[in-house]
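What follows is a set of notes on a single structure, which appears directly below.
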Amino acid sequence: MLAPLLWASAIVFCGTLRPGFSHFTQYISELGERGSSTELLMRYAAFVPTGLMHVAFATALATAFRSSRLGIVAALLLGLNGVARVGAGFFPCDTGCEETGSIGQRMHSLSAAVGFLALVVSTILWSVEFRRNRDPGSLAAYSGVSGVLGLAFLLLMVWSGEHGTARGLFERVSSGVLSLWILVFALRLARR
């Protein structure tokens with residue numbers, strides 16, 4: 001699955017195109033904020049395509065795990081994450097991504113929150129699914145740890161919401177942990 005690689009590459013590349021941009025203090029969404037020099041690139045080369053890739057992966061998972069209700073629910077949540085990411089791409093945040101603002105900002109914030117939470121819950125549900133099937137490669141444990149770490153860093157991001165704090169770092173670690181989980185999961189399935 002190329003989505004995690006495209007996502008990470010776009011974040012790094014767009015960051016290099018914005019002098020003074022701080023991956024430590026600024027949200028990923030600020031790379032696609034309304035009116036920025038990287039708005040269109042981030043929205044339509046990162047948010048939308050990776051969201052669509054997550055939907056496609058979720059569809060394949062729902063088919064592969066069609067005999068498991070839990071697997072289908074976990075796949076649907078992964079797909080919801082993809083739909084929410086597409087939504088976050090269609091609705092750019094306002095400058096600085098402040099919570100209060102335009103309808104577009106509110107839709108972006110809602111999409112991002114739904115996407116992150118759906119992915120965290122999906123990851124944890126996959127852990128349970130793998131444990132049920134006695135996954136020999138310890139994907140169950142890895143999934144559980146990824147879900148818990150993704151949530152923990154997401155909460156740290158929320159609690160560090162002030163400008164000048166490490167909110168950008170915490171968001172990137174959360175996104176990175178969860179994106180790496182998707183890559184590992186996809187590679188593991190490809191081997192089987």
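Here, A, B, ... name the chains of the structure tokens in the order displayed, residue numbers run from 1 inside each chain, and ligands are numbered from 1 in the same displayed order.
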List every residue of region 24-119 of chain A that has an atom at most 7 Å from any atom of region 166-180 of chain A, and for each one report the closest atom pair and its distance in Å to one decimal, counting only C-alpha atoms, with rows sorted by chain and then by increasing residue number, as JSON lines.
{"residue": "A:Phe24", "atom": "CA", "partner": "A:Leu169", "partner_atom": "CA", "distance": 4.5}
{"residue": "A:Thr25", "atom": "CA", "partner": "A:Gly168", "partner_atom": "CA", "distance": 4.5}
{"residue": "A:Gln26", "atom": "CA", "partner": "A:Gly168", "partner_atom": "CA", "distance": 4.6}
{"residue": "A:Tyr27", "atom": "CA", "partner": "A:Gly168", "partner_atom": "CA", "distance": 4.7}
{"residue": "A:Ile28", "atom": "CA", "partner": "A:Gly168", "partner_atom": "CA", "distance": 6.9}
Write the residues of the selection above to a file with all heavy atoms, as a PDB file, in the first residue's frame.
ATOM      1  N   PHE A  24       7.255  20.898  14.022  1.00  0.00           N
ATOM      2  CA  PHE A  24       7.163  20.733  15.474  1.00  0.00           C
ATOM      3  C   PHE A  24       5.921  21.424  16.051  1.00  0.00           C
ATOM      4  O   PHE A  24       5.258  20.872  16.917  1.00  0.00           O
ATOM      5  CB  PHE A  24       8.432  21.282  16.136  1.00  0.00           C
ATOM      6  CG  PHE A  24       8.528  21.025  17.606  1.00  0.00           C
ATOM      7  CD1 PHE A  24       8.943  19.787  18.089  1.00  0.00           C
ATOM      8  CD2 PHE A  24       8.210  22.021  18.530  1.00  0.00           C
ATOM      9  CE1 PHE A  24       9.029  19.547  19.452  1.00  0.00           C
ATOM     10  CE2 PHE A  24       8.297  21.795  19.891  1.00  0.00           C
ATOM     11  CZ  PHE A  24       8.707  20.554  20.355  1.00  0.00           C
ATOM     12  N   THR A  25       5.615  22.615  15.578  1.00  0.00           N
ATOM     13  CA  THR A  25       4.533  23.396  16.179  1.00  0.00           C
ATOM     14  C   THR A  25       3.282  23.529  15.320  1.00  0.00           C
ATOM     15  O   THR A  25       2.229  23.913  15.835  1.00  0.00           O
ATOM     16  CB  THR A  25       5.013  24.823  16.523  1.00  0.00           C
ATOM     17  OG1 THR A  25       5.401  25.490  15.322  1.00  0.00           O
ATOM     18  CG2 THR A  25       6.159  24.787  17.512  1.00  0.00           C
ATOM     19  N   GLN A  26       3.360  23.248  14.027  1.00  0.00           N
ATOM     20  CA  GLN A  26       2.218  23.461  13.139  1.00  0.00           C
ATOM     21  C   GLN A  26       1.576  22.137  12.730  1.00  0.00           C
ATOM     22  O   GLN A  26       2.252  21.125  12.536  1.00  0.00           O
ATOM     23  CB  GLN A  26       2.647  24.246  11.896  1.00  0.00           C
ATOM     24  CG  GLN A  26       3.006  25.688  12.223  1.00  0.00           C
ATOM     25  CD  GLN A  26       3.451  26.452  11.003  1.00  0.00           C
ATOM     26  OE1 GLN A  26       4.620  26.385  10.629  1.00  0.00           O
ATOM     27  NE2 GLN A  26       2.514  27.180  10.387  1.00  0.00           N
ATOM     28  N   TYR A  27       0.254  22.184  12.574  1.00  0.00           N
ATOM     29  CA  TYR A  27      -0.493  21.004  12.153  1.00  0.00           C
ATOM     30  C   TYR A  27      -0.166  20.620  10.716  1.00  0.00           C
ATOM     31  O   TYR A  27       0.186  21.481   9.904  1.00  0.00           O
ATOM     32  CB  TYR A  27      -2.006  21.269  12.233  1.00  0.00           C
ATOM     33  CG  TYR A  27      -2.554  21.467  13.609  1.00  0.00           C
ATOM     34  CD1 TYR A  27      -3.249  22.629  13.931  1.00  0.00           C
ATOM     35  CD2 TYR A  27      -2.418  20.491  14.590  1.00  0.00           C
ATOM     36  CE1 TYR A  27      -3.786  22.821  15.188  1.00  0.00           C
ATOM     37  CE2 TYR A  27      -2.952  20.680  15.858  1.00  0.00           C
ATOM     38  CZ  TYR A  27      -3.631  21.841  16.149  1.00  0.00           C
ATOM     39  OH  TYR A  27      -4.159  22.027  17.401  1.00  0.00           O
ATOM     40  N   ILE A  28      -0.338  19.355  10.404  1.00  0.00           N
ATOM     41  CA  ILE A  28      -0.189  18.882   9.028  1.00  0.00           C
ATOM     42  C   ILE A  28      -1.146  19.660   8.128  1.00  0.00           C
ATOM     43  O   ILE A  28      -0.790  20.057   7.016  1.00  0.00           O
ATOM     44  CB  ILE A  28      -0.469  17.365   8.940  1.00  0.00           C
ATOM     45  CG1 ILE A  28       0.606  16.576   9.693  1.00  0.00           C
ATOM     46  CG2 ILE A  28      -0.566  16.911   7.484  1.00  0.00           C
ATOM     47  CD1 ILE A  28       0.266  15.102   9.915  1.00  0.00           C
TER      48      ILE A  28
END
Any idea what's packed within 9 Å of region 143-152 of chain A, counting only C-alpha atoms, ignoring anything in its chain fewer than 2 positions away? Could you give it as a ChimeraX atom specification?
/A:116-117,119-128,130,138-141,154-157,170-171,173-178,180-181,185
Mind checking which residues fall within 6 Å of Val48 (chain A), counting only C-alpha atoms, ignoring those fewer than 4 positions away in the same chain, and posting them as a short mmCIF file (atom, residue, chain, number, x, y, z; two decimals) with N, CA and C atoms, in the first residue's frame?
data_model
loop_
_atom_site.label_atom_id
_atom_site.label_comp_id
_atom_site.auth_asym_id
_atom_site.auth_seq_id
_atom_site.Cartn_x
_atom_site.Cartn_y
_atom_site.Cartn_z
N TYR A 44 -4.81 17.92 -2.85
CA TYR A 44 -5.17 17.02 -3.94
C TYR A 44 -4.08 16.01 -4.32
N VAL A 86 -10.51 12.30 2.81
CA VAL A 86 -10.93 12.97 1.59
C VAL A 86 -11.69 14.25 1.95
N GLY A 89 -9.48 16.95 2.86
CA GLY A 89 -8.86 17.52 1.67
C GLY A 89 -9.78 18.46 0.93
#
So that I can check the surroundings of Ala112 (chain A), please list as a PDB file with all heavy atoms, in the first residue's frame every protein, DNA and RNA residue that reaches within 7 Å of it, counting only C-alpha atoms and ignoring chain neighbours fewer than 6 positions away.
ATOM      1  N   ALA A  84     -13.124  10.344   5.593  1.00  0.00           N
ATOM      2  CA  ALA A  84     -12.879  11.551   6.382  1.00  0.00           C
ATOM      3  C   ALA A  84     -11.632  12.285   5.893  1.00  0.00           C
ATOM      4  O   ALA A  84     -11.609  13.519   5.858  1.00  0.00           O
ATOM      5  CB  ALA A  84     -12.742  11.198   7.861  1.00  0.00           C
ATOM      6  N   ARG A  85     -10.618  11.545   5.489  1.00  0.00           N
ATOM      7  CA  ARG A  85      -9.401  12.197   4.974  1.00  0.00           C
ATOM      8  C   ARG A  85      -9.703  12.916   3.664  1.00  0.00           C
ATOM      9  O   ARG A  85      -9.215  14.016   3.429  1.00  0.00           O
ATOM     10  CB  ARG A  85      -8.276  11.180   4.786  1.00  0.00           C
ATOM     11  CG  ARG A  85      -6.972  11.858   4.420  1.00  0.00           C
ATOM     12  CD  ARG A  85      -5.814  10.914   4.349  1.00  0.00           C
ATOM     13  NE  ARG A  85      -5.362  10.552   5.677  1.00  0.00           N
ATOM     14  CZ  ARG A  85      -4.202   9.952   5.912  1.00  0.00           C
ATOM     15  NH1 ARG A  85      -3.394   9.638   4.910  1.00  0.00           N
ATOM     16  NH2 ARG A  85      -3.849   9.647   7.146  1.00  0.00           N
ATOM     17  N   ALA A  88     -11.346  16.041   4.639  1.00  0.00           N
ATOM     18  CA  ALA A  88     -10.378  17.019   5.133  1.00  0.00           C
ATOM     19  C   ALA A  88      -9.636  17.680   3.971  1.00  0.00           C
ATOM     20  O   ALA A  88      -9.227  18.838   4.063  1.00  0.00           O
ATOM     21  CB  ALA A  88      -9.387  16.353   6.090  1.00  0.00           C
TER      22      ALA A  88
END
Enter the distance from CA of Thr59 (chain A) to CA of Arg132 (chain A), in Å, rounded to one decimal.
21.2 Å
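The environment of Gly79 (chain A) within 8 Å, counting only C-alpha atoms and disregarding residues fewer than 3 places along the same chain, consists of His54, Val55, Ala56, Phe57, Ala58, Thr59, Ala75, Leu76, Gly82 and Val83 of chain A.
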Return as a tab-separated table the residues of region 37-108 of chain A lying at most 7 Å from region 1-19 of chain A, together with the closest atom-to-atom pair for each and the distance in Å to one decimal, counting only C-alpha atoms, with rows in chain order and ascending residue number.
residue	atom	partner	partner_atom	distance
A:Thr38	CA	A:Cys14	CA	6.1
A:Met42	CA	A:Ala10	CA	6.7
A:Ala46	CA	A:Trp7	CA	5.6
A:Thr50	CA	A:Ala3	CA	4.9
A:Met53	CA	A:Ala3	CA	6.0
Based on the backbone DSSP call, show me all residues of chain A assigned helix (DSSP H, G or I), as a PyMOL selection string.
chain A and resi 3-16+28-32+39-64+69-90+95-97+103-132+139-159+167-191
Of the candidates A:Glu33, A:Glu129, A:Ala118, A:Asn81, which shows the shortest atom-to-atom distance to Ser68 (chain A), using only C-alpha atoms?
A:Glu129
Given only C-alpha atoms as the basis, pick out the residue of A:Ala64, A:Leu80, A:Leu31, A:Val114 nearest to Thr95 (chain A).
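Between A:Ala64, A:Leu80, A:Leu31, A:Val114, the residue approaching Thr95 (chain A) most closely is A:Leu31.
Reported to one decimal place, the separation of CA of Leu70 (chain A) from CA of Met107 (chain A) is 29.0 Å.
Going from CA of Ser109 (chain A) over to CA of Val73 (chain A), you cover 23.8 Å.
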Asp94 (chain A): which residues within 12 Å, counting only C-alpha atoms, same-chain residues fewer than 3 positions away excluded, as a ChimeraX atom specification?
/A:27,29-36,39,88,91,97-109
